[in-house]
>>> print(open('structure-v8.txt').read())   # compact mmCIF, C-alpha atoms
# COMPACT_ATOMS: atom_id res chain seq x y z
CA MET H 1 -39.27 15.58 21.97
CA ALA H 2 -38.39 18.08 19.27
CA LEU H 3 -36.96 15.28 17.12
CA VAL H 4 -40.07 13.10 17.56
CA ALA H 5 -42.39 15.97 16.77
CA ALA H 6 -40.44 16.80 13.63
CA LEU H 7 -40.56 13.21 12.40
CA LEU H 8 -44.31 12.97 13.08
CA GLU H 9 -44.88 16.17 11.17
CA ILE H 10 -42.98 14.78 8.19
CA LEU H 11 -44.89 11.48 8.24
CA GLN H 12 -48.21 13.33 8.15
CA ARG H 13 -47.52 14.73 4.68
CA PRO H 14 -50.34 13.88 2.24
CA THR H 15 -48.21 12.08 -0.38
CA PHE H 16 -45.39 9.57 -0.21
CA GLY H 17 -43.22 11.76 -2.41
CA GLU H 18 -43.48 14.67 -0.02
CA VAL H 19 -42.51 12.40 2.88
CA ILE H 20 -39.36 11.23 1.04
CA LEU H 21 -38.51 14.81 0.09
CA GLU H 22 -38.91 16.07 3.65
CA LEU H 23 -36.82 13.20 5.05
CA GLY H 24 -34.09 13.97 2.53
CA MET H 25 -34.10 17.64 3.50
CA PHE H 26 -34.06 16.57 7.15
CA MET H 27 -31.01 14.30 6.84
CA ALA H 28 -28.98 16.20 4.23
CA PRO H 29 -27.59 18.93 6.55
CA ILE H 30 -26.51 16.31 9.08
CA TRP H 31 -24.53 14.21 6.62
CA ILE H 32 -23.06 17.29 4.96
CA ALA H 33 -21.87 18.51 8.36
CA VAL H 34 -20.36 15.10 9.17
CA LEU H 35 -18.65 14.88 5.78
CA VAL H 36 -17.22 18.39 6.03
CA GLY H 37 -15.99 17.66 9.55
CA VAL H 38 -14.23 14.48 8.45
CA LEU H 39 -12.58 16.13 5.43
CA VAL H 40 -11.46 19.16 7.42
CA GLY H 41 -10.09 17.01 10.20
CA TRP H 42 -8.35 14.84 7.65
CA ALA H 43 -6.70 17.69 5.75
CA TRP H 44 -5.83 20.01 8.64
CA LYS H 45 -3.01 19.38 11.04
CA PRO H 46 -1.36 21.98 13.30
CA LYS H 47 2.36 22.58 12.87
CA TRP H 48 3.08 21.65 16.48
CA ALA H 49 1.95 18.09 15.77
CA ASN H 50 5.21 17.40 13.96
CA LEU H 51 7.54 18.92 16.54
CA GLY H 52 8.03 15.70 18.50
CA ALA H 53 8.49 13.77 15.30
CA ASP H 54 11.13 16.19 14.06
CA CYS H 55 13.08 15.60 17.25
CA LEU H 56 12.89 11.87 16.63
CA ASP H 57 14.08 12.32 13.07
CA SER H 58 17.07 14.39 14.16
CA ALA H 59 18.34 11.59 16.40
CA PRO H 60 21.16 9.51 14.82
CA ARG H 61 20.25 6.01 13.70
CA THR H 62 22.27 2.95 12.77
CA ASP H 63 22.42 2.04 9.10
CA VAL H 64 21.00 -1.46 9.22
CA ALA H 65 21.45 -2.02 5.52
CA ALA H 66 25.18 -1.36 5.68
CA SER H 67 25.78 -3.66 8.65
CA SER H 68 23.75 -6.43 7.05
CA SER H 69 25.62 -6.02 3.80
CA SER H 70 29.03 -6.37 5.43
CA SER H 71 28.01 -9.63 7.10
CA SER H 72 26.59 -11.42 4.07
CA GLY H 73 27.83 -9.46 1.04
CA MET H 74 24.54 -9.84 -0.84
CA LEU H 75 22.73 -6.87 -2.30
CA LEU H 76 18.99 -6.62 -2.34
CA GLN H 77 16.00 -4.55 -2.64
CA ASN H 78 13.44 -3.77 -5.04
CA LEU H 79 10.68 -1.36 -4.60
CA SER H 80 7.74 -1.30 -6.81
CA SER H 81 4.14 -0.91 -6.22
CA GLY H 82 1.23 -2.77 -6.78
CA PHE H 83 -1.70 -1.41 -5.28
CA ALA H 84 -3.06 -2.93 -8.23
CA SER H 85 -2.44 -6.41 -6.79
CA ILE H 86 -3.70 -5.08 -3.59
CA SER H 87 -0.75 -3.36 -4.10
CA THR H 88 -0.31 -3.82 -7.38
CA LEU H 89 -3.18 -2.78 -4.53
CA ASN H 90 -0.98 -1.52 -5.05
CA PRO H 91 -5.55 -1.81 -4.39
CA LEU H 92 -4.76 0.37 -3.06
CA LYS H 93 -0.38 1.39 -4.67
CA LEU H 94 -1.09 0.34 -3.94
CA GLN H 95 1.54 2.57 -3.69
CA VAL H 96 2.16 8.45 0.38
CA PRO H 97 3.03 12.62 1.93
CA SER H 98 5.45 15.16 3.23
CA CYS H 99 3.71 15.43 6.57
CA ILE H 100 4.36 11.77 7.47
CA SER H 101 8.07 11.42 6.81
CA TRP H 102 8.63 10.64 10.47
CA ILE H 103 6.32 7.61 10.59
CA LYS H 104 8.03 4.24 10.97
CA GLU H 105 6.36 0.87 10.67
CA SER H 106 7.02 -2.19 12.75
CA GLN H 107 8.55 -5.20 11.04
CA SER H 108 9.91 -3.13 8.18
CA PRO H 109 13.09 -3.77 6.21
CA PRO H 110 16.09 -1.48 6.71
CA SER H 111 15.81 1.98 5.21
CA ILE H 112 18.11 3.04 2.41
CA SER H 113 19.10 6.30 0.77
CA CYS H 114 19.84 7.00 -2.87
CA SER H 115 22.89 8.68 -4.25
CA SER H 116 22.82 11.62 -6.64
CA SER H 117 24.71 9.81 -9.39
CA SER H 118 22.90 8.25 -12.34
CA SER H 119 24.48 4.84 -11.77
CA LEU H 120 24.23 3.26 -8.34
CA GLN H 121 27.46 2.17 -6.68
CA LEU H 122 26.50 -0.99 -4.83
CA GLU H 123 29.79 -2.54 -3.89
CA GLY H 124 30.86 -3.14 -0.31
CA GLU H 125 29.68 -0.55 2.15
CA LYS H 126 27.91 1.43 -0.58
CA SER H 127 25.32 -1.27 -1.13
CA VAL H 128 21.80 0.06 -0.68
CA LEU H 129 19.91 -3.28 -0.85
CA THR H 130 21.00 -6.15 1.33
CA ASP H 131 20.31 -9.76 2.26
CA ALA H 132 18.30 -8.44 5.21
CA ASP H 133 15.62 -7.27 2.77
CA LEU H 134 15.57 -10.66 1.04
CA LEU H 135 15.30 -12.51 4.34
CA TYR H 136 12.53 -10.20 5.50
CA LEU H 137 10.47 -10.98 2.39
CA ASP H 138 11.26 -14.68 2.72
CA GLY H 139 10.01 -14.57 6.32
CA LEU H 140 6.72 -13.10 5.09
CA VAL H 141 6.42 -15.76 2.39
CA GLU H 142 7.05 -18.58 4.85
CA GLU H 143 4.88 -16.88 7.53
CA GLN H 144 7.81 -16.86 9.95
CA ASP H 145 8.22 -13.13 10.41
CA GLY H 146 6.85 -13.15 13.97
CA GLY H 147 3.90 -10.89 13.14
CA HIS H 148 0.22 -11.23 14.01
CA ALA H 149 -1.98 -13.85 12.37
CA TRP H 150 -3.52 -12.97 9.01
CA ILE H 151 -7.29 -12.48 8.72
CA GLN H 152 -8.79 -13.52 5.39
CA MET H 153 -10.66 -10.77 3.54
CA MET H 154 -11.41 -12.18 0.12
CA ASP H 155 -11.46 -15.34 -1.99
CA ARG H 156 -12.52 -14.85 -5.61
CA SER H 157 -11.66 -16.21 -9.03
CA THR H 158 -12.15 -15.84 -12.77
CA PRO H 159 -11.47 -18.40 -15.51
CA ASN H 160 -7.88 -17.11 -15.85
CA MET H 161 -6.98 -16.30 -12.25
CA SER H 162 -7.76 -16.97 -8.60
CA TYR H 163 -7.25 -14.44 -5.83
CA GLN H 164 -7.11 -14.56 -2.04
CA ALA H 165 -6.36 -11.66 0.30
CA TRP H 166 -5.59 -11.27 4.00
CA ARG H 167 -5.06 -8.35 6.37
CA ARG H 168 -3.51 -7.86 9.77
CA ASP H 169 -3.16 -4.87 12.07
CA PRO H 170 0.29 -4.60 13.70
CA GLU H 171 0.69 -2.89 17.05
CA THR H 172 2.50 -0.05 15.28
CA GLY H 173 2.25 1.12 11.72
CA PRO H 174 -0.48 0.94 9.07
CA PRO H 175 -2.54 -2.16 8.18
CA GLN H 176 -0.63 -4.84 6.29
CA TYR H 177 -1.99 -6.86 3.38
CA ARG H 178 -1.08 -10.25 1.96
CA SER H 179 -2.47 -11.72 -1.24
CA ARG H 180 -2.05 -14.88 -3.27
CA THR H 181 -2.86 -14.71 -6.97
CA VAL H 182 -2.56 -17.65 -9.37
CA TYR H 183 -2.50 -16.78 -13.08
CA GLU H 184 -3.24 -19.51 -15.61
CA ASP H 185 -0.98 -19.97 -18.64
CA ALA H 186 1.80 -17.71 -17.40
CA THR H 187 5.47 -18.19 -16.57
CA PRO H 188 7.36 -16.71 -13.60
CA GLU H 189 9.65 -14.86 -16.00
CA MET H 190 6.74 -13.22 -17.82
CA LEU H 191 5.14 -12.02 -14.58
CA ARG H 192 8.51 -10.82 -13.28
CA ASP H 193 8.96 -8.61 -16.34
CA PHE H 194 5.29 -7.56 -16.38
CA PHE H 195 5.27 -6.09 -12.88
CA TRP H 196 8.63 -4.37 -13.48
CA ASP H 197 7.77 -2.80 -16.83
CA ASP H 198 6.75 0.76 -15.90
CA GLU H 199 6.41 1.78 -19.54
CA PHE H 200 3.74 -0.85 -20.17
CA ARG H 201 2.17 -0.39 -16.74
CA LEU H 202 1.10 3.09 -17.78
CA LYS H 203 -1.19 1.41 -20.33
CA TRP H 204 -3.15 -0.79 -17.89
CA ASP H 205 -2.74 0.76 -14.42
CA ASP H 206 -5.03 3.80 -14.48
CA MET H 207 -3.79 4.90 -11.05
CA LEU H 208 -0.24 5.45 -12.35
CA ILE H 209 0.11 8.77 -14.15
CA HIS H 210 3.91 9.18 -14.14
CA ALA H 211 6.87 6.79 -13.92
CA GLU H 212 10.53 7.72 -14.28
CA THR H 213 13.78 5.87 -13.60
CA LEU H 214 16.05 8.01 -11.44
CA GLU H 215 18.97 5.63 -10.99
CA GLU H 216 19.92 2.12 -12.02
CA CYS H 217 22.78 -0.34 -11.75
CA PRO H 218 23.12 -2.58 -14.83
CA THR H 219 25.36 -4.95 -12.86
CA THR H 220 22.99 -5.75 -9.99
CA GLY H 221 19.63 -4.73 -11.44
CA THR H 222 18.93 -2.29 -8.62
CA MET H 223 16.76 0.68 -9.60
CA VAL H 224 15.39 3.82 -7.98
CA VAL H 225 12.22 5.04 -9.66
CA GLN H 226 9.74 7.86 -9.17
CA TRP H 227 6.02 7.17 -9.37
CA VAL H 228 3.07 9.55 -9.21
CA ARG H 229 -0.26 7.89 -8.54
CA LYS H 230 -3.72 9.35 -9.00
CA PHE H 231 -6.07 9.41 -6.01
CA PRO H 232 -9.78 10.27 -5.72
CA PHE H 233 -10.90 13.88 -6.08
CA PHE H 234 -10.78 14.57 -2.34
CA CYS H 235 -7.09 13.56 -2.15
CA SER H 236 -4.09 15.06 -3.85
CA ASP H 237 -1.94 12.82 -6.04
CA ARG H 238 0.81 10.85 -4.29
CA GLU H 239 4.50 10.67 -5.19
CA TYR H 240 6.63 7.61 -4.48
CA ILE H 241 10.43 7.29 -4.57
CA ILE H 242 10.90 3.54 -4.84
CA GLY H 243 14.03 1.44 -4.61
CA ARG H 244 13.73 -2.05 -6.10
CA ARG H 245 15.65 -5.19 -6.94
CA ILE H 246 15.03 -8.86 -7.80
CA TRP H 247 16.68 -12.01 -6.45
CA ALA H 248 16.39 -15.38 -8.18
CA SER H 249 16.52 -18.76 -6.46
CA GLY H 250 16.10 -21.16 -9.35
CA ARG H 251 12.86 -20.04 -11.03
CA THR H 252 11.52 -18.42 -7.87
CA TYR H 253 11.84 -14.63 -7.95
CA TYR H 254 11.89 -12.39 -4.88
CA CYS H 255 10.94 -8.88 -5.96
CA VAL H 256 11.54 -6.35 -3.19
CA THR H 257 10.31 -2.77 -3.47
CA LYS H 258 10.03 -0.07 -0.82
CA GLY H 259 10.06 3.68 -0.37
CA VAL H 260 13.51 5.23 -0.05
CA PRO H 261 14.70 8.75 0.82
CA CYS H 262 16.34 10.57 -2.07
CA SER H 263 17.80 14.02 -1.56
CA SER H 264 18.25 14.59 -5.29
CA VAL H 265 14.46 14.83 -5.75
CA PRO H 266 13.07 17.85 -3.86
CA ARG H 267 9.96 17.34 -1.80
CA ARG H 268 6.91 19.27 -3.03
CA ASN H 269 3.50 20.11 -1.60
CA LYS H 270 1.80 18.49 -4.58
CA PRO H 271 1.96 15.67 -5.27
CA ARG H 272 2.44 14.65 -1.63
CA ARG H 273 5.29 12.22 -1.14
CA VAL H 274 4.63 8.84 0.45
CA ASP H 275 7.52 7.98 2.76
CA LEU H 276 6.27 4.78 4.36
CA TYR H 277 5.78 2.28 1.56
CA TYR H 278 6.50 -1.44 1.19
CA SER H 279 5.26 -3.65 -1.65
CA SER H 280 7.13 -6.87 -2.41
CA TRP H 281 6.23 -10.21 -3.91
CA CYS H 282 7.43 -13.74 -4.56
CA ILE H 283 6.78 -15.25 -8.00
CA ARG H 284 6.96 -19.00 -8.67
CA ALA H 285 5.39 -21.70 -10.83
CA ALA H 286 2.17 -23.32 -9.59
CA GLU H 287 -0.23 -26.08 -10.54
CA SER H 288 -2.99 -25.20 -12.94
CA LYS H 289 -6.52 -25.66 -11.60
CA ARG H 290 -7.47 -26.91 -15.06
CA ASP H 291 -5.24 -29.95 -15.50
CA GLY H 292 -2.83 -30.02 -12.54
CA ARG H 293 0.24 -29.28 -14.65
CA MET H 294 2.78 -26.61 -13.68
CA THR H 295 1.55 -24.17 -16.29
CA ALA H 296 0.22 -21.54 -13.86
CA CYS H 297 2.12 -18.96 -11.84
CA GLU H 298 1.67 -17.91 -8.20
CA VAL H 299 2.31 -14.37 -6.94
CA LEU H 300 2.49 -13.83 -3.17
CA LEU H 301 2.24 -10.10 -2.49
CA PHE H 302 2.89 -8.20 0.76
CA HIS H 303 1.93 -4.55 0.91
CA TYR H 304 1.58 -1.69 3.36
CA GLU H 305 1.86 2.07 3.11
CA ASP H 306 0.82 5.25 4.87
CA MET H 307 -0.99 7.45 2.38
CA GLY H 308 -1.69 10.20 4.89
CA ILE H 309 -5.27 8.97 5.33
CA PRO H 310 -6.72 7.79 8.67
CA TRP H 311 -6.04 4.06 8.73
CA GLU H 312 -9.61 3.02 9.48
CA ILE H 313 -10.86 4.96 6.46
CA ALA H 314 -8.05 3.50 4.32
CA LYS H 315 -9.03 -0.04 5.37
CA LEU H 316 -12.61 0.60 4.31
CA GLY H 317 -11.44 1.95 0.96
CA VAL H 318 -9.16 -1.04 0.36
CA ARG H 319 -11.90 -3.49 1.22
CA GLN H 320 -14.35 -1.84 -1.18
CA GLY H 321 -11.94 -1.31 -4.08
CA MET H 322 -9.63 -4.32 -3.84
CA TRP H 323 -11.32 -6.72 -6.24
CA GLY H 324 -11.98 -4.05 -8.84
CA ALA H 325 -8.29 -3.13 -8.86
CA VAL H 326 -7.08 -6.73 -8.94
CA ARG H 327 -9.31 -7.68 -11.86
CA LYS H 328 -7.56 -5.11 -14.04
CA ILE H 329 -4.24 -6.93 -13.73
CA ASP H 330 -5.20 -10.05 -15.68
CA PRO H 331 -6.26 -8.21 -18.89
CA GLY H 332 -3.05 -6.20 -18.60
CA LEU H 333 -1.02 -9.41 -18.30
CA ARG H 334 -2.67 -10.98 -21.35
CA ALA H 335 -2.01 -7.82 -23.37
CA TYR H 336 1.60 -7.89 -22.19
CA GLN H 337 1.99 -11.53 -23.31
CA LYS H 338 0.83 -10.55 -26.81
CA HIS H 339 3.10 -7.51 -26.74
CA ARG H 340 6.14 -9.65 -25.88
CA ALA H 341 5.21 -12.22 -28.52
CA SER H 342 5.63 -9.55 -31.18
CA ASP H 343 8.96 -8.29 -32.47
CA VAL H 344 8.78 -5.06 -30.44
CA PRO H 345 12.00 -4.51 -28.40
CA ILE H 346 11.54 -4.83 -24.65
CA SER H 347 11.63 -1.70 -22.51
CA ARG H 348 14.56 -0.71 -20.33
CA CYS H 349 12.65 -1.61 -17.15
CA ALA H 350 11.86 -5.09 -18.52
CA PHE H 351 15.52 -5.52 -19.38
CA MET H 352 16.52 -4.54 -15.84
CA ALA H 353 14.03 -7.09 -14.47
CA GLN H 354 16.16 -9.79 -16.07
CA VAL H 355 19.27 -8.69 -14.16
CA ASN H 356 18.88 -10.77 -11.00
CA ALA H 357 21.08 -11.72 -8.05
CA LYS H 358 21.36 -15.51 -7.96
CA VAL H 359 20.92 -16.87 -4.43
CA ASP H 360 20.47 -20.15 -2.61
CA ILE H 361 17.59 -19.25 -0.35
CA GLU H 362 17.94 -22.38 1.78
CA ASN H 363 21.56 -21.51 2.45
CA LEU H 364 20.64 -17.97 3.44
CA ARG H 365 17.96 -19.24 5.80
CA SER H 366 20.49 -21.46 7.52
CA LEU H 367 22.53 -18.41 8.51
CA GLY H 368 19.89 -17.54 11.07
CA SER H 369 19.86 -13.89 10.04
CA ARG H 370 16.10 -13.63 10.20
CA THR H 371 16.09 -13.66 13.99
CA ASN H 372 18.63 -10.86 14.13
CA LEU H 373 16.65 -8.89 11.57
CA SER H 374 13.45 -9.04 13.62
CA GLU H 375 15.32 -7.68 16.62
CA VAL H 376 16.65 -4.77 14.57
CA GLU H 377 13.16 -4.00 13.28
CA ARG H 378 11.72 -3.83 16.79
CA GLU H 379 14.43 -1.39 17.83
CA ASP H 380 13.79 0.80 14.79
CA SER H 381 10.00 0.95 15.19
CA HIS H 382 8.05 3.72 16.86
CA GLU H 383 4.65 3.72 18.42
CA LYS H 384 1.65 4.23 16.21
CA PRO H 385 0.93 7.94 15.82
CA ALA H 386 -2.42 8.93 17.23
CA GLY H 387 -3.08 11.17 14.24
CA ARG H 388 -3.57 8.26 11.86
CA ASN H 389 -6.83 7.16 13.46
CA ILE H 390 -9.80 9.41 14.13
CA PRO H 391 -9.77 10.15 17.87
CA ARG H 392 -13.19 9.63 19.37
CA PHE H 393 -12.95 12.76 21.48
CA LEU H 394 -12.46 14.86 18.33
CA VAL H 395 -15.61 13.46 16.77
CA VAL H 396 -17.69 14.00 19.89
CA GLY H 397 -16.14 17.42 20.51
CA GLY H 398 -16.87 18.46 16.96
CA ALA H 399 -20.45 17.32 17.39
CA ILE H 400 -20.84 19.48 20.48
CA ALA H 401 -19.52 22.51 18.62
CA LEU H 402 -21.77 21.76 15.66
CA ALA H 403 -24.83 21.31 17.84
CA CYS H 404 -24.25 24.58 19.67
CA SER H 405 -23.69 26.58 16.48
CA LEU H 406 -26.11 24.99 13.99
CA ASP H 407 -29.18 24.15 16.05
CA ARG H 408 -31.77 25.52 13.67
CA GLY H 409 -35.26 24.00 13.36
CA LEU H 410 -35.01 20.28 12.55
CA LEU H 411 -31.22 20.13 13.04
CA THR H 412 -31.41 19.17 16.70
CA LYS H 413 -28.73 18.40 19.22
CA ALA H 414 -30.15 14.92 19.73
CA VAL H 415 -29.65 14.02 16.07
CA ILE H 416 -26.10 15.38 15.94
CA PHE H 417 -25.06 13.57 19.10
CA GLY H 418 -26.55 10.32 17.81
CA VAL H 419 -24.69 10.55 14.50
CA ALA H 420 -21.44 11.43 16.27
CA ARG H 421 -21.75 8.49 18.63
CA ARG H 422 -22.30 6.08 15.74
CA PHE H 423 -19.45 7.60 13.71
CA ALA H 424 -17.04 7.43 16.63
CA GLY H 425 -17.64 3.68 16.83
CA ILE H 426 -16.84 3.01 13.19
CA GLY H 427 -13.25 2.08 14.02
CA LYS H 428 -14.36 -0.93 16.05
CA ARG H 429 -16.35 -2.38 13.17
CA LEU H 430 -13.74 -2.02 10.42
>>> encode(input="structure-v8.txt", output="C-alpha cells")
Amino acid sequence: MALVAALLEILQRPTFGEVILELGMFMAPIWIAVLVGVLVGWAWKPKWANLGADCLDSAPRTDVAASSSSSSGMLLQNLSSGFASISTLNPLKLQVPSCISWIKESQSPPSISCSSSSSLQLEGEKSVLTDADLLYLDGLVEEQDGGHAWIQMMDRSTPNMSYQAWRRDPETGPPQYRSRTVYEDATPEMLRDFFWDDEFRLKWDDMLIHAETLEECPTTGTMVVQWVRKFPFFCSDREYIIGRRIWASGRTYYCVTKGVPCSSVPRRNKPRRVDLYYSSWCIRAAESKRDGRMTACEVLLFHYEDMGIPWEIAKLGVRQGMWGAVRKIDPGLRAYQKHRASDVPISRCAFMAQVNAKVDIENLRSLGSRTNLSEVEREDSHEKPAGRNIPRFLVVGGAIALACSLDRGLLTKAVIFGVARRFAGIGKRL
C-alpha cells in the first residue's frame, strides 16, 4: 500500500516535468543500491574461498603435453588473442586474474609451462606445444570435438567482410565462442602475419596497451608473449601470458594460442593475470562473394577465457560489444596490407609467423589421437566454480539486508524485493 500511495502522489504532480523528476528520484536510490551491490559482490571474495582450490592445485598432475609429444613428435601451440575477432573478441581478448589460477575449463588443450631462458628448447621431452593442441583445434574446426551444439548469435556483413558468431555453454568452464569471418581481397599468409604482428596490433587494437615477447624459438616459431589489455573503468587491466605457434597444412594455417604459466614473470595485483585463456583460429582461402573466385580468406576463431567476471555478465557484455570490436579488424587489416606493400621491414613477430611446422592434417587425423585427447581433457577438468555466476541466494539475501537497513520513505521493502527477484532471474534469460 505504501508503494501504491507513493506512486499516486507522484502522478498527481501539476506538471509532466515534475512527474518525471519525482519518478527519477524515486528509482535512482534503488538502482544505485543494486549497482553497488553487484560491484561489491563482484570485487570482494573471502580468502577461504580459495582454500579448496589451493588444495586442488597442490595435487600432482600428469603432463599431457609431454606424453603427447613423445607419441607423435610434433610440436604445437600458439597463443594469441583476439577478443577483437570475438577474440580477436578477443570481443571480448578477447583475451584474465590472480584469484582464478585454479579454474580449469572442460575440453581444453594440455597446459604448458615456460622456461626462464630467452630461447625455448623444444626438442624431445622439452617440447611445450604438441600435436594434441593441433588436433584439439582441428576437432573444433571440423565440429568433432564432442562438445555441445553451437547457438548462433550474430550474422552481419560489410562490403569487405562477412561475420557469423556462435556460443555454447559447456557443463564446466566459461562460455565458449566460435566465429567465421570472410575477408575479401586477402590471402591466408597476410592474415596469418596480421594477427601475429603485435607491434602493428598496438595501432588498431585499442584494448591492447602492452605487448612484449618473453621467449621465442626461431627453429619452430613457438613464442611466449605478455599482453596487457585495457578493460572498462570498473575493472582493472588484465595481463595475459600467452604461448603460441602456427602449423601449416598446405595453405591452411592452424594458429594455436593459449594462456601458459610462467614462473619468470611474477604475478602482480594489478594488472590481474588471466590464467584461463584460449584463442585459436584456422585460416584458409575462401570463395569471394563478389565473383566466386578464391580471392577471399576465411578465419574460423574459437575463444574462451575467464576474466574474473561473473559469466552471465560477461556473456551480456560480449553480446553487446561483439560487432563493434569485430568491425575494427577490417580497417586494421587494410592498413596492414598497405604497410606490407611498402618497403618497411617486417616486425619480428611477423617474421616468426612465417616459421611454421609443416603437417599433413589428414595423416594426423588418421592416428585417432583426437579420441584419446578428449578423454584426457575430461580427466583434467573440474566442476564449474559457483563463484563465477551470481548465486540467487546472495542477491535475495542482499535485498533483505538492504530493505531492513535503508527503508526510508519511498524506498520500500516491496520495491527492493521486486528488483531483487527480477535481477536474480537474469541468468536464465542470458
>>> closest_atom_pairs(input="structure-v8.txt", of="stretch 126-154 of chain H", to="stretch 257-270 of chain H", cutoff="12 Å", atoms="only C-alpha atoms", output="JSON lines")
{"residue": "H:Val128", "atom": "CA", "partner": "H:Val260", "partner_atom": "CA", "distance": 9.8}
{"residue": "H:Leu129", "atom": "CA", "partner": "H:Thr257", "partner_atom": "CA", "distance": 10.0}
{"residue": "H:Asp133", "atom": "CA", "partner": "H:Thr257", "partner_atom": "CA", "distance": 9.3}
{"residue": "H:Leu134", "atom": "CA", "partner": "H:Thr257", "partner_atom": "CA", "distance": 10.5}
{"residue": "H:Tyr136", "atom": "CA", "partner": "H:Thr257", "partner_atom": "CA", "distance": 11.9}
{"residue": "H:Leu137", "atom": "CA", "partner": "H:Thr257", "partner_atom": "CA", "distance": 10.1}
>>> atom_distance(input="structure-v8.txt", atom1="atom CA of H:Val299", atom2="atom CA of H:Trp166")
13.8 Å
>>> closest_residue(input="structure-v8.txt", among="H:Met223, H:Arg192, H:Val19, H:Ala132", to="H:Leu367", atoms="all atoms listed in the file")
H:Ala132
>>> atom_distance(input="structure-v8.txt", atom1="atom CA of H:Ser157", atom2="atom CA of H:Met322")
13.1 Å
>>> atom_distance(input="structure-v8.txt", atom1="atom CA of H:Trp227", atom2="atom CA of H:Asp205")
12.0 Å
>>> closest_residue(input="structure-v8.txt", among="H:Leu300, H:Ile10, H:Cys217, H:Ile309", to="H:Ala286", atoms="all atoms listed in the file")
H:Leu300
>>> residues_near_point(input="structure-v8.txt", point="(-12.7, -12.3, -14.0)", cutoff="10 Å", atoms="only C-alpha atoms", output="list in words")
Arg156, Ser157, Thr158, Pro159, Asn160, Met161, Ser162, Trp323, Gly324, Val326, Arg327, Lys328, Asp330 and Pro331 of chain H
>>> closest_residue(input="structure-v8.txt", among="H:Glu298, H:Asp275, H:Asp306, H:Glu9", to="H:Val141", atoms="all atoms listed in the file")
H:Glu298
>>> closest_residue(input="structure-v8.txt", among="H:Ala211, H:Leu21, H:Met190, H:Met153", to="H:Ala335", atoms="all atoms listed in the file")
H:Met190
>>> closest_residue(input="structure-v8.txt", among="H:Phe26, H:Trp281, H:Phe16, H:Trp150", to="H:Leu301", atoms="all atoms listed in the file")
H:Trp281
>>> residues_near_point(input="structure-v8.txt", point="(-6.6, 6.3, 3.4)", cutoff="10 Å", atoms="all atoms listed in the file", output="list in words")
Trp42, Leu92, Val96, Pro174, Phe231, Cys235, Glu305, Asp306, Met307, Gly308, Ile309, Pro310, Trp311, Glu312, Ile313, Ala314, Lys315, Leu316, Gly317, Val318 and Arg388 of chain H
>>> build_atoms(input="structure-v8.txt", residues="stretch 139-150 of chain H", atoms="N, CA and C atoms", output="CSV table (one decimal), in the coordinates of the input")
chain,number,residue,atom,x,y,z
H,139,GLY,N,10.7,-14.3,5.1
H,139,GLY,CA,10.0,-14.6,6.3
H,139,GLY,C,8.5,-14.3,6.2
H,140,LEU,N,8.1,-13.3,5.4
H,140,LEU,CA,6.7,-13.1,5.1
H,140,LEU,C,6.1,-14.2,4.2
H,141,VAL,N,6.9,-14.7,3.3
H,141,VAL,CA,6.4,-15.8,2.4
H,141,VAL,C,6.2,-17.0,3.2
H,142,GLU,N,7.1,-17.4,4.1
H,142,GLU,CA,7.0,-18.6,4.8
H,142,GLU,C,6.2,-18.4,6.1
H,143,GLU,N,5.7,-17.2,6.3
H,143,GLU,CA,4.9,-16.9,7.5
H,143,GLU,C,5.7,-17.2,8.8
H,144,GLN,N,6.9,-16.7,8.8
H,144,GLN,CA,7.8,-16.9,10.0
H,144,GLN,C,8.4,-15.5,10.3
H,145,ASP,N,7.7,-14.5,10.1
H,145,ASP,CA,8.2,-13.1,10.4
H,145,ASP,C,7.9,-12.7,11.8
H,146,GLY,N,7.2,-13.5,12.6
H,146,GLY,CA,6.8,-13.2,14.0
H,146,GLY,C,5.7,-12.2,14.1
H,147,GLY,N,5.0,-11.8,13.1
H,147,GLY,CA,3.9,-10.9,13.1
H,147,GLY,C,2.6,-11.5,13.6
H,148,HIS,N,1.5,-10.7,13.6
H,148,HIS,CA,0.2,-11.2,14.0
H,148,HIS,C,-0.3,-12.2,12.9
H,149,ALA,N,-1.3,-12.9,13.3
H,149,ALA,CA,-2.0,-13.8,12.4
H,149,ALA,C,-2.7,-13.0,11.3
H,150,TRP,N,-2.8,-13.6,10.1
H,150,TRP,CA,-3.5,-13.0,9.0
H,150,TRP,C,-5.0,-13.3,9.1
